[in-house]
$ cat upload-v8.csv   # CSV, C-alpha atoms
chain,number,residue,atom,x,y,z
T,1375,MET,CA,-43.2,35.8,13.2
T,1376,CYS,CA,-41.2,33.2,15.1
T,1377,LEU,CA,-41.5,35.3,18.3
T,1378,LYS,CA,-45.3,34.8,18.3
T,1379,MET,CA,-45.0,31.1,18.6
T,1380,PRO,CA,-45.4,29.4,21.9
T,1381,PRO,CA,-42.0,28.7,23.4
T,1382,ALA,CA,-42.4,24.9,23.1
T,1383,VAL,CA,-43.1,25.1,19.4
T,1384,LEU,CA,-40.3,27.6,18.9
T,1385,TYR,CA,-37.9,25.2,20.7
T,1386,TYR,CA,-39.0,22.3,18.5
T,1387,THR,CA,-38.7,24.3,15.3
T,1388,ILE,CA,-35.2,25.4,16.0
T,1389,ASN,CA,-34.1,21.9,16.9
T,1390,THR,CA,-35.6,20.3,13.8
T,1391,LEU,CA,-34.2,22.8,11.3
T,1392,PRO,CA,-31.7,21.2,9.0
T,1393,LYS,CA,-28.2,22.0,10.3
T,1394,LEU,CA,-25.7,23.9,8.1
T,1395,GLY,CA,-23.1,21.2,7.4
T,1396,ASN,CA,-23.0,19.8,3.9
T,1397,MET,CA,-19.6,18.1,3.7
T,1398,LYS,CA,-19.0,14.5,2.9
T,1399,VAL,CA,-16.4,13.3,5.4
T,1400,VAL,CA,-14.6,10.0,5.6
T,1401,ILE,CA,-13.0,9.2,9.0
T,1402,MET,CA,-10.6,6.3,9.4
T,1403,GLY,CA,-10.3,4.9,12.9
T,1404,CYS,CA,-13.2,4.8,15.4
T,1405,GLY,CA,-11.3,5.4,18.6
T,1406,ARG,CA,-12.2,7.9,21.2
T,1407,VAL,CA,-11.3,10.9,19.0
T,1408,GLY,CA,-12.6,9.4,15.8
T,1409,GLY,CA,-15.9,8.4,17.4
T,1410,ARG,CA,-16.4,11.7,19.1
T,1411,LEU,CA,-15.5,13.7,16.0
T,1412,ALA,CA,-17.9,11.6,13.9
T,1413,GLY,CA,-20.7,12.4,16.4
T,1414,LEU,CA,-20.0,16.1,16.3
T,1415,LEU,CA,-19.8,16.4,12.5
T,1416,ASP,CA,-23.0,14.3,12.2
T,1417,ALA,CA,-24.8,16.5,14.6
T,1418,ASP,CA,-23.8,19.5,12.5
T,1419,GLY,CA,-25.5,17.8,9.5
T,1420,HIS,CA,-22.4,16.6,7.6
T,1421,ALA,CA,-22.5,13.2,5.8
T,1422,VAL,CA,-20.1,11.1,7.8
T,1423,THR,CA,-18.7,7.7,7.0
T,1424,ILE,CA,-16.5,6.1,9.6
T,1425,LEU,CA,-14.2,3.2,8.9
T,1426,ASP,CA,-12.6,0.8,11.4
T,1427,THR,CA,-11.2,-2.7,11.1
T,1428,ASP,CA,-12.9,-3.7,14.3
T,1429,ALA,CA,-16.7,-3.6,14.4
T,1430,SER,CA,-16.7,-3.3,18.2
T,1431,SER,CA,-15.1,0.1,18.0
T,1432,PHE,CA,-18.4,1.5,16.7
T,1433,ARG,CA,-19.7,1.3,20.3
T,1434,ARG,CA,-18.0,4.7,20.8
T,1435,LEU,CA,-20.4,6.4,18.4
T,1436,PRO,CA,-23.2,8.3,20.0
T,1437,PRO,CA,-26.6,6.5,19.9
T,1438,GLU,CA,-28.1,9.3,17.7
T,1439,PHE,CA,-25.4,8.9,15.0
T,1440,LYS,CA,-27.0,8.9,11.6
T,1441,GLY,CA,-23.9,8.5,9.5
T,1442,THR,CA,-22.4,5.2,8.1
T,1443,ALA,CA,-20.2,3.0,10.1
T,1444,LEU,CA,-18.2,0.6,7.9
T,1445,VAL,CA,-15.9,-2.3,8.8
T,1446,GLY,CA,-12.9,-2.0,6.6
T,1447,ASN,CA,-9.3,-1.2,6.2
T,1448,GLY,CA,-8.4,2.4,5.3
T,1449,LEU,CA,-5.3,1.2,3.5
T,1450,ASP,CA,-7.4,-0.8,1.1
T,1451,GLU,CA,-8.6,1.0,-2.1
T,1452,GLU,CA,-11.7,-1.1,-2.3
T,1453,SER,CA,-12.8,-0.3,1.3
T,1454,LEU,CA,-12.1,3.4,0.7
T,1455,LYS,CA,-14.2,3.4,-2.4
T,1456,LYS,CA,-17.0,1.7,-0.5
T,1457,ALA,CA,-16.8,4.4,2.1
T,1458,GLY,CA,-17.3,7.0,-0.7
T,1459,ILE,CA,-13.8,8.4,-0.8
T,1460,GLU,CA,-14.3,9.3,-4.5
T,1461,GLU,CA,-17.0,11.9,-3.6
T,1462,ALA,CA,-15.6,12.9,-0.2
T,1463,ASP,CA,-14.8,16.5,0.6
T,1464,ALA,CA,-12.5,15.6,3.5
T,1465,PHE,CA,-10.6,12.6,4.8
T,1466,MET,CA,-9.2,12.2,8.3
T,1467,ALA,CA,-6.8,9.5,9.4
T,1468,LEU,CA,-7.2,8.9,13.2
T,1469,THR,CA,-6.0,5.4,13.9
T,1470,GLN,CA,-3.4,4.6,16.6
T,1471,GLY,CA,-0.7,3.9,14.0
T,1472,ASP,CA,1.3,6.8,12.6
T,1473,ASN,CA,2.4,4.9,9.5
T,1474,ARG,CA,-1.1,3.6,8.8
T,1475,ASN,CA,-2.4,7.2,9.1
T,1476,LEU,CA,0.3,8.4,6.8
T,1477,MET,CA,-0.2,5.8,4.2
T,1478,ALA,CA,-4.0,6.2,4.1
T,1479,SER,CA,-3.7,10.0,3.9
T,1480,GLN,CA,-1.4,9.8,1.0
T,1481,ILE,CA,-3.8,7.4,-0.8
T,1482,ALA,CA,-6.7,9.8,-0.1
T,1483,LYS,CA,-4.7,12.8,-1.3
T,1484,HIS,CA,-2.6,11.5,-4.2
T,1485,ILE,CA,-4.8,8.7,-5.6
T,1486,PHE,CA,-8.3,9.8,-4.9
T,1487,ASN,CA,-7.6,13.6,-4.9
T,1488,VAL,CA,-9.7,14.3,-1.8
T,1489,PRO,CA,-9.6,18.1,-1.4
T,1490,ARG,CA,-8.9,18.2,2.3
T,1491,VAL,CA,-6.9,15.5,4.1
T,1492,ILE,CA,-6.0,15.7,7.7
T,1493,CYS,CA,-3.6,13.2,9.4
T,1494,ARG,CA,-2.8,12.6,13.0
T,1495,ILE,CA,0.8,11.7,13.8
T,1496,TYR,CA,2.0,11.1,17.3
T,1497,ASP,CA,5.7,11.3,16.4
T,1498,PRO,CA,6.6,15.0,16.1
T,1499,LEU,CA,9.6,14.4,13.8
T,1500,ARG,CA,7.5,12.4,11.3
T,1501,GLN,CA,4.8,15.0,11.6
T,1502,GLU,CA,7.2,17.8,10.7
T,1503,LEU,CA,8.6,15.9,7.7
T,1504,TYR,CA,5.2,15.1,6.2
T,1505,GLN,CA,4.0,18.6,6.9
T,1506,THR,CA,6.8,19.9,4.7
T,1507,LEU,CA,6.0,17.3,2.1
T,1508,GLY,CA,2.5,18.9,1.7
T,1509,LEU,CA,0.3,16.8,3.9
T,1510,GLU,CA,-1.9,18.5,6.5
T,1511,THR,CA,-0.8,16.9,9.7
T,1512,PHE,CA,-1.0,17.5,13.4
T,1513,SER,CA,0.7,15.9,16.4
T,1514,PRO,CA,-1.3,15.6,19.6
T,1515,THR,CA,2.0,15.1,21.3
T,1516,THR,CA,3.3,18.6,20.4
T,1517,ILE,CA,-0.1,20.3,20.9
T,1518,PHE,CA,-0.6,18.8,24.4
T,1519,ALA,CA,2.9,19.4,25.6
T,1520,GLN,CA,2.5,23.1,24.5
T,1521,MET,CA,-0.9,23.4,26.1
T,1522,LEU,CA,0.1,21.9,29.4
T,1523,LYS,CA,3.2,24.2,29.5
T,1524,GLU,CA,1.1,27.2,28.9
T,1525,LYS,CA,-1.5,26.2,31.5
T,1526,LEU,CA,1.2,25.7,34.1
T,1527,GLU,CA,2.9,29.0,33.3
T,1528,SER,CA,-0.3,31.1,33.1
M,726,MET,CA,28.0,0.5,-0.6
M,727,TYR,CA,26.5,1.5,2.6
M,728,ILE,CA,23.1,-0.2,2.9
M,729,ILE,CA,20.5,0.2,5.6
M,730,VAL,CA,18.1,-2.6,6.2
M,731,VAL,CA,14.9,-1.9,8.1
M,732,GLY,CA,13.5,-5.0,9.8
M,733,GLY,CA,15.6,-7.8,11.0
M,734,SER,CA,13.2,-10.8,10.8
M,735,ARG,CA,13.9,-13.6,8.5
M,736,VAL,CA,14.1,-11.7,5.2
M,737,GLY,CA,16.1,-8.9,6.8
M,738,TYR,CA,18.5,-11.4,8.4
M,739,TYR,CA,19.3,-13.4,5.3
M,740,LEU,CA,19.4,-10.3,3.2
M,741,SER,CA,21.9,-8.6,5.5
M,742,ARG,CA,24.0,-11.8,5.6
M,743,ALA,CA,24.2,-11.9,1.8
M,744,LEU,CA,25.0,-8.2,1.5
M,745,LEU,CA,27.7,-8.5,4.1
M,746,ALA,CA,29.2,-11.5,2.3
M,747,GLU,CA,29.3,-9.4,-0.9
M,748,GLY,CA,31.5,-6.9,1.0
M,749,HIS,CA,28.9,-4.1,1.6
M,750,GLU,CA,28.6,-2.1,4.8
M,751,VAL,CA,25.3,-3.0,6.3
M,752,LEU,CA,23.3,-1.7,9.2
M,753,VAL,CA,20.1,-3.4,10.4
M,754,ILE,CA,17.4,-1.4,12.3
M,755,GLU,CA,15.1,-3.6,14.3
M,756,LYS,CA,12.5,-2.8,16.9
M,757,ASN,CA,12.6,-6.1,18.8
M,758,ALA,CA,15.5,-6.4,21.3
M,759,ALA,CA,15.7,-10.2,21.1
M,760,ILE,CA,16.0,-10.2,17.3
M,761,CYS,CA,18.5,-7.4,17.5
M,762,GLU,CA,20.6,-9.4,19.9
M,763,THR,CA,20.5,-12.6,17.7
M,764,ILE,CA,21.7,-10.6,14.7
M,765,SER,CA,24.5,-9.0,16.6
M,766,ASP,CA,25.6,-12.4,17.9
M,767,GLU,CA,25.6,-14.0,14.5
M,768,LEU,CA,26.6,-11.2,12.1
M,769,GLY,CA,28.6,-9.0,14.3
M,770,SER,CA,27.7,-5.5,15.6
M,771,VAL,CA,25.6,-4.5,12.6
M,772,CYS,CA,22.2,-4.0,14.3
M,773,ILE,CA,20.8,-1.0,16.2
M,774,ARG,CA,17.5,-1.3,18.1
M,775,GLY,CA,14.8,1.2,17.2
M,776,ASP,CA,12.0,2.1,14.8
M,777,GLY,CA,13.3,2.5,11.3
M,778,CYS,CA,10.5,5.0,10.5
M,779,GLU,CA,11.7,7.5,13.1
M,780,ALA,CA,13.9,10.2,11.8
M,781,ALA,CA,15.9,10.3,15.0
M,782,ILE,CA,16.9,6.6,14.6
M,783,LEU,CA,17.7,7.0,10.9
M,784,ALA,CA,19.9,10.0,11.8
M,785,GLU,CA,21.7,7.9,14.4
M,786,ALA,CA,22.2,5.3,11.7
M,787,GLY,CA,24.0,7.8,9.5
M,788,THR,CA,21.4,7.6,6.9
M,789,GLU,CA,22.7,10.8,5.2
M,790,ARG,CA,25.6,8.8,3.7
M,791,ALA,CA,23.6,5.7,2.9
M,792,ASP,CA,23.6,4.6,-0.7
M,793,MET,CA,20.5,2.5,-0.3
M,794,LEU,CA,17.7,1.7,2.2
M,795,ILE,CA,15.8,-1.5,2.0
M,796,ALA,CA,12.7,-1.8,4.1
M,797,VAL,CA,11.7,-5.5,4.7
M,798,THR,CA,9.4,-5.4,7.8
M,799,GLY,CA,6.2,-7.5,7.7
M,800,GLU,CA,4.1,-4.3,7.5
M,801,ASP,CA,3.6,-2.6,4.2
M,802,GLU,CA,2.8,0.8,5.7
M,803,ASP,CA,6.0,0.7,7.8
M,804,ASN,CA,8.1,-0.1,4.8
M,805,LEU,CA,6.5,2.7,2.8
M,806,ILE,CA,7.1,5.3,5.6
M,807,ALA,CA,10.7,4.1,6.2
M,808,CYS,CA,11.5,4.6,2.5
M,809,GLN,CA,9.8,8.0,2.3
M,810,VAL,CA,11.6,9.3,5.4
M,811,ALA,CA,14.9,8.0,4.0
M,812,LYS,CA,14.3,9.6,0.6
M,813,HIS,CA,12.9,12.9,1.6
M,814,LYS,CA,14.7,13.7,4.9
M,815,PHE,CA,18.0,12.0,4.2
M,816,ASN,CA,18.1,12.1,0.4
M,817,VAL,CA,19.0,8.4,0.1
M,818,PRO,CA,19.4,7.8,-3.7
M,819,ARG,CA,17.7,4.4,-3.8
M,820,THR,CA,14.9,2.9,-1.7
M,821,ILE,CA,13.4,-0.5,-1.9
M,822,ALA,CA,10.3,-1.7,-0.1
M,823,ARG,CA,9.0,-5.1,0.5
M,824,ILE,CA,5.2,-5.4,0.1
M,825,GLY,CA,3.0,-8.2,1.3
M,826,ASP,CA,-0.3,-7.1,-0.4
M,827,PRO,CA,0.2,-7.1,-4.2
M,828,LYS,CA,-2.4,-4.4,-4.5
M,829,ASN,CA,0.0,-2.0,-2.9
M,830,GLU,CA,2.5,-2.2,-5.7
M,831,THR,CA,0.8,0.5,-7.8
M,832,ILE,CA,0.1,2.6,-4.7
M,833,PHE,CA,3.8,2.6,-3.7
M,834,LYS,CA,4.9,3.5,-7.2
M,835,LYS,CA,2.6,6.5,-7.2
M,836,LEU,CA,3.9,7.6,-3.8
M,837,GLY,CA,7.5,7.6,-5.1
M,838,ILE,CA,9.1,4.4,-3.9
M,839,ASP,CA,11.8,3.4,-6.4
M,840,VAL,CA,11.4,-0.4,-6.3
M,841,THR,CA,8.9,-2.7,-4.7
M,842,ILE,CA,9.3,-6.4,-4.2
M,843,SER,CA,6.0,-8.3,-3.6
M,844,SER,CA,6.8,-11.4,-1.7
M,845,THR,CA,3.3,-12.7,-2.3
M,846,ASN,CA,3.6,-12.4,-6.1
M,847,ILE,CA,7.0,-14.1,-6.1
M,848,ILE,CA,5.7,-17.0,-4.2
M,849,MET,CA,2.6,-17.2,-6.4
M,850,GLU,CA,4.7,-17.2,-9.6
M,851,ASN,CA,7.0,-19.9,-8.3
M,852,ILE,CA,4.1,-22.1,-7.3
M,853,GLU,CA,2.4,-21.5,-10.7
M,854,THR,CA,5.5,-23.0,-12.5
M,855,GLU,CA,5.2,-26.1,-10.4
M,856,VAL,CA,1.6,-26.7,-11.2
M,857,PRO,CA,1.8,-28.7,-14.5
M,858,THR,CA,-1.7,-27.9,-15.7
M,859,HIS,CA,-1.5,-24.2,-15.0
M,860,PRO,CA,-2.1,-22.5,-18.3
M,861,LEU,CA,0.0,-19.4,-17.8
M,862,THR,CA,3.2,-18.8,-16.0
M,863,HIS,CA,5.0,-15.5,-15.4
M,864,LEU,CA,8.6,-15.7,-16.3
M,865,LEU,CA,9.7,-12.1,-16.1
M,866,THR,CA,8.3,-8.6,-15.6
M,867,ILE,CA,9.7,-5.7,-17.4
M,868,ARG,CA,8.7,-3.2,-14.8
M,869,ASP,CA,9.1,0.3,-16.2
M,870,LYS,CA,7.6,-0.7,-19.6
M,871,GLY,CA,4.5,-2.4,-18.1
M,872,LEU,CA,5.3,-5.6,-20.0
M,873,GLU,CA,5.7,-9.2,-18.9
M,874,ILE,CA,7.1,-12.4,-20.5
M,875,VAL,CA,4.9,-15.4,-19.9
M,876,GLU,CA,4.9,-19.1,-20.7
M,877,LEU,CA,1.8,-21.0,-21.9
M,878,LYS,CA,1.3,-24.6,-22.7
M,879,ILE,CA,-1.1,-25.9,-25.4
M,880,LEU,CA,-3.0,-28.6,-23.7
M,881,PRO,CA,-4.3,-31.6,-25.8
M,882,ASP,CA,-7.9,-30.2,-25.7
M,883,SER,CA,-7.0,-26.7,-26.6
M,884,THR,CA,-9.2,-25.0,-29.3
M,885,ALA,CA,-6.0,-23.4,-30.7
M,886,ILE,CA,-4.6,-26.7,-32.0
M,887,GLY,CA,-4.3,-26.6,-35.8
M,888,LYS,CA,-4.8,-22.9,-36.0
M,889,THR,CA,-2.1,-20.6,-37.4
M,890,VAL,CA,-0.8,-17.8,-35.4
M,891,LYS,CA,-2.5,-15.1,-37.6
M,892,ASP,CA,-5.8,-16.8,-37.1
M,893,LEU,CA,-5.6,-16.6,-33.3
M,894,PRO,CA,-7.7,-13.9,-31.6
M,895,LEU,CA,-4.6,-12.4,-29.9
M,896,PRO,CA,-4.9,-9.1,-28.1
M,897,PRO,CA,-3.2,-6.2,-29.9
M,898,GLY,CA,-0.3,-5.7,-27.4
M,899,THR,CA,0.7,-9.3,-27.3
M,900,ILE,CA,3.4,-11.1,-29.3
M,901,LEU,CA,4.1,-14.8,-29.4
M,902,SER,CA,7.9,-14.7,-29.5
M,903,LEU,CA,8.9,-18.4,-29.3
M,904,ILE,CA,7.2,-21.8,-29.7
M,905,ILE,CA,9.0,-24.9,-28.3
M,906,SER,CA,7.5,-28.1,-29.7
M,907,GLU,CA,7.1,-31.2,-27.6
M,908,GLU,CA,10.3,-32.6,-29.0
M,909,GLY,CA,12.1,-29.5,-27.7
M,910,LYS,CA,12.6,-27.7,-31.1
M,911,PRO,CA,12.4,-23.9,-30.8
M,912,VAL,CA,10.7,-22.1,-33.6
M,913,ILE,CA,10.2,-18.3,-34.0
M,914,PRO,CA,6.5,-18.2,-35.0
M,915,LYS,CA,5.4,-16.6,-38.2
M,916,GLY,CA,1.8,-15.9,-39.3
M,917,ASN,CA,1.4,-19.3,-40.9
M,918,THR,CA,2.9,-21.3,-38.1
M,919,ALA,CA,0.3,-23.8,-36.8
M,920,LEU,CA,0.0,-24.7,-33.2
M,921,GLN,CA,0.2,-28.3,-31.9
M,922,ALA,CA,-0.7,-30.0,-28.7
M,923,GLY,CA,2.2,-29.9,-26.2
M,924,ASP,CA,3.7,-26.7,-27.7
M,925,GLN,CA,5.2,-24.4,-25.1
M,926,ILE,CA,4.7,-20.8,-26.0
M,927,ILE,CA,6.8,-17.9,-24.8
M,928,ALA,CA,4.8,-14.6,-25.2
M,929,VAL,CA,5.3,-10.9,-24.4
M,930,THR,CA,2.1,-9.4,-23.1
M,931,THR,CA,0.8,-6.8,-20.6
M,932,PRO,CA,-1.0,-7.6,-17.3
M,933,GLU,CA,-4.2,-6.2,-18.8
M,934,GLU,CA,-4.1,-8.5,-21.8
M,935,GLU,CA,-3.1,-11.6,-20.0
M,936,ALA,CA,-6.7,-12.9,-19.7
M,937,ALA,CA,-7.4,-12.4,-23.4
M,938,LEU,CA,-4.2,-14.2,-24.3
M,939,ARG,CA,-5.2,-17.1,-22.1
M,940,GLU,CA,-8.6,-17.1,-23.6
M,941,ALA,CA,-7.1,-17.3,-27.2
M,942,LEU,CA,-5.2,-20.4,-26.3
M,943,ARG,CA,-7.4,-22.0,-23.8
M,944,SER,CA,-8.7,-25.5,-23.6
M,945,ALA,CA,-12.2,-26.3,-24.9
$ encode --input "upload-v8.csv" --output "structure tokens"
Amino acid sequence: MCLKMPPAVLYYTINTLPKLGNMKVVIMGCGRVGGRLAGLLDADGHAVTILDTDASSFRRLPPEFKGTALVGNGLDEESLKKAGIEEADAFMALTQGDNRNLMASQIAKHIFNVPRVICRIYDPLRQELYQTLGLETFSPTTIFAQMLKEKLES
Amino acid sequence: MYIIVVGGSRVGYYLSRALLAEGHEVLVIEKNAAICETISDELGSVCIRGDGCEAAILAEAGTERADMLIAVTGEDEDNLIACQVAKHKFNVPRTIARIGDPKNETIFKKLGIDVTISSTNIIMENIETEVPTHPLTHLLTIRDKGLEIVELKILPDSTAIGKTVKDLPLPPGTILSLIISEEGKPVIPKGNTALQAGDQIIAVTTPEEEAALREALRSA
């Protein structure tokens, strides 16, 4: 049936269909990565709330972002509640501070029982430790070093 | 004991000095080179420069054999992580974290820190005792039981004056344990003891019931 529609209508229909995402995601830290990730998840139809202590960071969000941008500290239980952490399916800690990310992730996981918590840690040693303690962590330092090595050797 | 102190600013410096004076082996870990140098000049070579949250620095400091780690930097999250790394990576038996934001006290406890010291709370309590009209002063917290011992003063316009202890609408977990009259005579209160203006009351209560206790003895 769709095939009989004129191409313009078909194009419009596909682009206005609701996207598949249905997760509630709270992101802490609207830096380059946080802002971009928020845009991508939002475009996929997920309900995104992004927290940052500095309102000017929200300039990094794409203009078509439909989620919520909230000024607040992710280490503060009240701010997290305002961001909807109690109903969130996922929490991601993406500030520049490893310790801030670790503390916020542990609050999300152990106090608010968020099902999926992902934490960025630059320091590979700390990343390893907290991974063994049951936190889902990744270290851009390790990943990039490995990627660059592989690129050079390929 | 071998004690590692993370953070060498004012609190860390005076703490280390006191611990050294008591004969303990102390090592301070401090990020700032200038502060590190001052400590070494004044206390001897007891300071290494580095981030006390980093496992590599803690390994260098010989954290495996430390009896205690005390984190007293100005940032709560740094203190949390330093204690957790010490505990989980180096099996340090006892970790103590300084916290600035009193709200973090319960969070830190849930995340496994043995002891937290809230500098804000301590300062607040000390100021409370110096404000003469302040109705309720914290004297002591019994941490693991969730109880606290507080002092209240019956002001001349209190609605509790003339009432007996059993007639006061006291919350269920609160006990008035001592009444000191204005003349300085201590009395262990019974059900029929009547309150008088100027009485000083020492009570055992919980943080949750504090407001209700204050309400029961408040001024009109």
$ closest_residue --input "upload-v8.csv" --among "T:Ala1478, T:Leu1411, T:Leu1435, T:Cys1493" --to "chain M" --atoms "all atoms listed in the file"
T:Ala1478
$ interface_residues --input "upload-v8.csv" --of "chain M" --to "chain T" --cutoff "10 Å" --atoms "all atoms listed in the file" --output "ChimeraX atom specification"
/M:778-781,800-807,809-810,813-814,826,828-829,832-833,835-836
$ closest_residue --input "upload-v8.csv" --among "M:Ser734, M:Thr798, M:Thr930, M:Asn917" --to "Pro896 of chain M" --atoms "only C-alpha atoms"
M:Thr930
$ atom_distance --input "upload-v8.csv" --atom1 "atom CA of Thr841 of chain M" --atom2 "atom CA of Ala1467 of chain T"
24.4 Å
$ atom_distance --input "upload-v8.csv" --atom1 "atom CA of Ile1495 of chain T" --atom2 "atom CA of Thr1515 of chain T"
8.3 Å
$ decode --input "upload-v8.csv" --residues "segment 1407-1487 of chain T" --atoms "C-alpha atoms" --output "PDB file, in the first residue's frame"
ATOM      1  CA  VAL T1407      29.858  13.557  24.423  1.00  0.00           C
ATOM      2  CA  GLY T1408      26.874  14.090  26.726  1.00  0.00           C
ATOM      3  CA  GLY T1409      25.248  16.648  24.442  1.00  0.00           C
ATOM      4  CA  ARG T1410      25.735  14.534  21.350  1.00  0.00           C
ATOM      5  CA  LEU T1411      24.513  11.351  23.014  1.00  0.00           C
ATOM      6  CA  ALA T1412      21.421  13.179  24.306  1.00  0.00           C
ATOM      7  CA  GLY T1413      20.682  14.310  20.738  1.00  0.00           C
ATOM      8  CA  LEU T1414      21.086  10.802  19.316  1.00  0.00           C
ATOM      9  CA  LEU T1415      18.905   9.126  21.945  1.00  0.00           C
ATOM     10  CA  ASP T1416      16.279  11.848  21.623  1.00  0.00           C
ATOM     11  CA  ALA T1417      16.173  11.414  17.848  1.00  0.00           C
ATOM     12  CA  ASP T1418      15.547   7.702  18.409  1.00  0.00           C
ATOM     13  CA  GLY T1419      12.496   8.559  20.496  1.00  0.00           C
ATOM     14  CA  HIS T1420      13.868   7.942  23.996  1.00  0.00           C
ATOM     15  CA  ALA T1421      12.835  10.267  26.821  1.00  0.00           C
ATOM     16  CA  VAL T1422      16.069  12.048  27.690  1.00  0.00           C
ATOM     17  CA  THR T1423      16.806  14.313  30.659  1.00  0.00           C
ATOM     18  CA  ILE T1424      20.234  15.911  30.720  1.00  0.00           C
ATOM     19  CA  LEU T1425      21.743  17.482  33.839  1.00  0.00           C
ATOM     20  CA  ASP T1426      24.550  19.990  34.031  1.00  0.00           C
ATOM     21  CA  THR T1427      25.661  22.435  36.705  1.00  0.00           C
ATOM     22  CA  ASP T1428      26.258  25.085  34.042  1.00  0.00           C
ATOM     23  CA  ALA T1429      23.293  26.230  31.929  1.00  0.00           C
ATOM     24  CA  SER T1430      25.564  27.432  29.130  1.00  0.00           C
ATOM     25  CA  SER T1431      26.590  23.815  28.473  1.00  0.00           C
ATOM     26  CA  PHE T1432      23.169  23.182  26.979  1.00  0.00           C
ATOM     27  CA  ARG T1433      24.259  25.108  23.858  1.00  0.00           C
ATOM     28  CA  ARG T1434      25.795  21.791  22.797  1.00  0.00           C
ATOM     29  CA  LEU T1435      22.364  20.187  22.430  1.00  0.00           C
ATOM     30  CA  PRO T1436      21.056  20.018  18.864  1.00  0.00           C
ATOM     31  CA  PRO T1437      18.334  22.603  18.092  1.00  0.00           C
ATOM     32  CA  GLU T1438      15.734  19.887  17.506  1.00  0.00           C
ATOM     33  CA  PHE T1439      16.310  18.328  20.973  1.00  0.00           C
ATOM     34  CA  LYS T1440      12.905  17.607  22.553  1.00  0.00           C
ATOM     35  CA  GLY T1441      14.094  16.208  25.880  1.00  0.00           C
ATOM     36  CA  THR T1442      14.576  18.041  29.173  1.00  0.00           C
ATOM     37  CA  ALA T1443      17.677  20.054  30.010  1.00  0.00           C
ATOM     38  CA  LEU T1444      17.987  20.677  33.736  1.00  0.00           C
ATOM     39  CA  VAL T1445      20.486  22.769  35.677  1.00  0.00           C
ATOM     40  CA  GLY T1446      21.511  20.686  38.658  1.00  0.00           C
ATOM     41  CA  ASN T1447      24.186  18.704  40.388  1.00  0.00           C
ATOM     42  CA  GLY T1448      24.116  14.962  39.733  1.00  0.00           C
ATOM     43  CA  LEU T1449      25.598  14.324  43.183  1.00  0.00           C
ATOM     44  CA  ASP T1450      22.539  15.821  44.809  1.00  0.00           C
ATOM     45  CA  GLU T1451      19.639  13.461  45.492  1.00  0.00           C
ATOM     46  CA  GLU T1452      17.063  16.221  45.057  1.00  0.00           C
ATOM     47  CA  SER T1453      18.379  17.206  41.614  1.00  0.00           C
ATOM     48  CA  LEU T1454      18.424  13.554  40.572  1.00  0.00           C
ATOM     49  CA  LYS T1455      14.828  13.108  41.703  1.00  0.00           C
ATOM     50  CA  LYS T1456      13.834  16.213  39.754  1.00  0.00           C
ATOM     51  CA  ALA T1457      15.498  14.685  36.719  1.00  0.00           C
ATOM     52  CA  GLY T1458      13.250  11.630  37.162  1.00  0.00           C
ATOM     53  CA  ILE T1459      15.913   9.188  38.352  1.00  0.00           C
ATOM     54  CA  GLU T1460      13.279   7.177  40.223  1.00  0.00           C
ATOM     55  CA  GLU T1461      11.579   6.140  36.970  1.00  0.00           C
ATOM     56  CA  ALA T1462      14.714   6.071  34.822  1.00  0.00           C
ATOM     57  CA  ASP T1463      15.709   2.959  32.878  1.00  0.00           C
ATOM     58  CA  ALA T1464      19.272   4.135  32.438  1.00  0.00           C
ATOM     59  CA  PHE T1465      21.724   6.619  33.945  1.00  0.00           C
ATOM     60  CA  MET T1466      24.957   7.791  32.371  1.00  0.00           C
ATOM     61  CA  ALA T1467      27.672   9.774  34.132  1.00  0.00           C
ATOM     62  CA  LEU T1468      29.667  11.802  31.614  1.00  0.00           C
ATOM     63  CA  THR T1469      31.207  14.767  33.454  1.00  0.00           C
ATOM     64  CA  GLN T1470      34.911  15.566  33.275  1.00  0.00           C
ATOM     65  CA  GLY T1471      35.525  14.370  36.838  1.00  0.00           C
ATOM     66  CA  ASP T1472      36.124  10.658  37.367  1.00  0.00           C
ATOM     67  CA  ASN T1473      35.207  10.873  41.035  1.00  0.00           C
ATOM     68  CA  ARG T1474      32.042  12.835  40.349  1.00  0.00           C
ATOM     69  CA  ASN T1475      31.020  10.229  37.794  1.00  0.00           C
ATOM     70  CA  LEU T1476      31.769   7.403  40.199  1.00  0.00           C
ATOM     71  CA  MET T1477      29.875   8.933  43.072  1.00  0.00           C
ATOM     72  CA  ALA T1478      26.821   9.801  40.950  1.00  0.00           C
ATOM     73  CA  SER T1479      26.771   6.332  39.370  1.00  0.00           C
ATOM     74  CA  GLN T1480      26.861   4.657  42.755  1.00  0.00           C
ATOM     75  CA  ILE T1481      24.008   6.857  43.964  1.00  0.00           C
ATOM     76  CA  ALA T1482      21.991   5.937  40.853  1.00  0.00           C
ATOM     77  CA  LYS T1483      22.750   2.227  41.192  1.00  0.00           C
ATOM     78  CA  HIS T1484      22.663   1.637  44.939  1.00  0.00           C
ATOM     79  CA  ILE T1485      20.251   4.280  46.189  1.00  0.00           C
ATOM     80  CA  PHE T1486      17.814   4.688  43.291  1.00  0.00           C
ATOM     81  CA  ASN T1487      18.239   1.154  41.877  1.00  0.00           C
TER      82      ASN T1487
END
